[in-house]
There are 2 protein chains.
Amino acid sequence: MGIEDFIPSNNVRLDQQLKFTAEIDKMTGILRRTMLVDGSRRENDAEHSWHIAVMALYFKEYCVAPVDIERAAKMCLVHDLIEIYAGDTFAYDPEANKDKAQREAAAADKLFAQLPDEQGSELRALWEEFDAMETNDAKYAACMDRLQPFLHNTLTQGHTWIGSDTCRANVEKRMAIVKEFMPEVYKWVEKNIDHAVEAGWLKA
Amino acid sequence: MGIEDFIPSNNVRLDQQLKFTAEIDKMTGILRRTMLVDGSRRENDAEHSWHIAVMALYFKEYCVAPVDIERAAKMCLVHDLIEIYAGDTFAYDPEANKDKAQREAAAADKLFAQLPDEQGSELRALWEEFDAMETNDAKYAACMDRLQPFLHNTLTQGHTWIGSDTCRANVEKRMAIVKEFMPEVYKWVEKNIDHAVEAGWLKA
């Protein structure tokens, strides 16, 4: 069972695209630290990527600069694909973050080479743009990527904050892009950080 | 734990958008009949929606008419949202399909009303366009929605076909949009239908 049962077409490009489609299904097995809103289990990368891509469709109005929500949504869709090989690097784990860039670049080499050249390059460029967080579209996508687990944390009694024994300053650093790019939303973030510290979910 | 712990902002619109975000996380609990490629478990609506939205980024070249892949990807992202309230209606279950339209319209009324008006209307319009399958973008999104579970079935020894005791004609009907809109891809589909019948996964 699995890709070994794949029956090729008569078209090499199409086979590449179909096999890539099967390969990225592995995103469903990459677990994140974040819990689902109902607290039943940890979410996976496929679910997270879907969730933030949908969010990108309706949070634009809070941005301090113009964004192309379709481009941002595409970044959201592909921003974690490299974790199929590099694994999920937890935002509040300083050790794991040391070699993150290196692991992820190697993963990208392996992953995007499975698509026809120009398509692999296009998706890789979207991921690199997301990762650099310099363009407005990338900043917006990054805000979605930060806001969603933040929201989940607030609704699951600070689950990942408590689990990682992290502090206010670390969360503020993680959420800094929201402060910069979506200040109105950051007011709500700040209110929740205050609450998380009061509730003992975050160290002061 | 859950939405009852939501701390409001000072902005009613923002609260609607944040709560909608929490609400649609329920997509992770709507199970489909399709298995993941590795056969480990059934996929859920969030995973499926993510998967077909990514696919929409790189299958365009096979379409017989021009498509806007960004619009199609947006349709893919939202096409199953109403299943949060209407449930997943299995394609090969004729009974459940009888009242599908009615159940889904009621679900849409409930769901999209949770967003600010114009945003709810916009997402609902995308869903309705997808569902009507008349525009090129909707046809392309529908092809992704058919191709992905088809690919999974071929890689999981016909799991959902066997489970539903279905036949070649039903699968051909389900895949007709691919035949019409992506005939080059349909050649591969047909080859796999032949194989599925030979293997006993599908009745002749």
# chains A, B, ... in the order shown; residues from 1 in each chain; ligands from 1
$ closest_atom_pairs --of "chain B" --to "chain A" --cutoff "6 Å" --atoms "only C-alpha atoms" --output "Markdown table"
| residue | atom | partner | partner_atom | distance |
| --- | --- | --- | --- | --- |
| B:Met1 | CA | A:Thr156 | CA | 5.3 |
| B:Gly2 | CA | A:Leu155 | CA | 4.8 |
| B:Asp5 | CA | A:Leu155 | CA | 5.6 |
| B:Ser9 | CA | A:Trp188 | CA | 5.1 |
| B:Val37 | CA | A:Gly2 | CA | 5.6 |
| B:Asp38 | CA | A:Gly2 | CA | 5.4 |
| B:Ala46 | CA | A:Glu47 | CA | 5.3 |
| B:Glu47 | CA | A:Ala46 | CA | 5.3 |
| B:Trp50 | CA | A:Trp50 | CA | 4.7 |
| B:Glu70 | CA | A:Glu70 | CA | 5.8 |
| B:Leu155 | CA | A:Gly2 | CA | 4.8 |
| B:Thr156 | CA | A:Met1 | CA | 5.3 |
| B:Trp188 | CA | A:Ser9 | CA | 5.1 |
$ write_last_selection --atoms "N, CA and C atoms" --output "short mmCIF file (atom, residue, chain, number, x, y, z; two decimals), in the first residue's frame"
data_model
loop_
_atom_site.label_atom_id
_atom_site.label_comp_id
_atom_site.auth_asym_id
_atom_site.auth_seq_id
_atom_site.Cartn_x
_atom_site.Cartn_y
_atom_site.Cartn_z
N MET B 1 -12.27 24.53 28.36
CA MET B 1 -11.40 24.66 27.20
C MET B 1 -12.21 24.86 25.92
N GLY B 2 -11.76 25.74 25.06
CA GLY B 2 -12.47 25.98 23.81
C GLY B 2 -12.94 27.42 23.73
N ASP B 5 -13.52 30.16 26.40
CA ASP B 5 -12.39 30.88 27.02
C ASP B 5 -11.94 32.09 26.20
N SER B 9 -11.75 41.29 22.04
CA SER B 9 -10.98 42.52 21.83
C SER B 9 -11.95 43.68 22.02
N VAL B 37 -2.70 8.38 2.22
CA VAL B 37 -1.92 7.57 1.29
C VAL B 37 -1.22 6.41 2.01
N ASP B 38 -0.79 6.63 3.25
CA ASP B 38 -0.10 5.55 3.97
C ASP B 38 -1.06 4.54 4.59
N ALA B 46 -10.13 19.16 6.80
CA ALA B 46 -9.08 20.19 6.78
C ALA B 46 -7.91 19.70 5.92
N GLU B 47 -7.52 18.46 6.14
CA GLU B 47 -6.41 17.87 5.38
C GLU B 47 -6.74 17.80 3.89
N TRP B 50 -6.76 21.31 2.27
CA TRP B 50 -5.38 21.76 2.07
C TRP B 50 -4.76 21.06 0.86
N GLU B 70 -5.49 30.92 -8.54
CA GLU B 70 -5.68 31.49 -7.20
C GLU B 70 -7.15 31.44 -6.79
N LEU B 155 -3.91 4.14 -4.36
CA LEU B 155 -2.72 3.84 -3.55
C LEU B 155 -3.07 3.11 -2.24
N THR B 156 -4.37 2.92 -2.01
CA THR B 156 -4.79 2.21 -0.80
C THR B 156 -5.69 1.03 -1.19
N TRP B 188 -5.06 8.72 -17.60
CA TRP B 188 -4.48 8.04 -16.44
C TRP B 188 -5.59 7.51 -15.53
#
$ select_by_dssp --residues "segment 32-84 of chain B" --states "strand (DSSP E or B)" --output "list of chain:residue names"
B:Arg32, B:Arg33, B:Thr34, B:Met35, B:Arg42, B:Glu43, B:Asn44
$ select_by_dssp --residues "chain A" --states "helix (DSSP H, G or I)" --output "NGL selection string"
:A and (3-5 or 12-29 or 45-55 or 60-62 or 69-78 or 83-86 or 94-98 or 100-112 or 117-132 or 136-155 or 159-164 or 168-174 or 176-181 or 183-198)
$ closest_residue --among "B:Glu104, B:Leu81, B:Arg33, B:Gln16" --to "Phe150 of chain B" --atoms "only C-alpha atoms"
B:Arg33
$ residues_around --residues "Ala141 of chain B" --least-positions-apart "2" --cutoff "6 Å" --atoms "only C-alpha atoms" --output "ChimeraX atom specification"
/B:72,76,138-139,143-144
$ closest_residue --among "A:Gln114, A:Ser121, A:Ala142, A:Val67" --to "Asp80 of chain A" --atoms "only C-alpha atoms"
A:Ala142
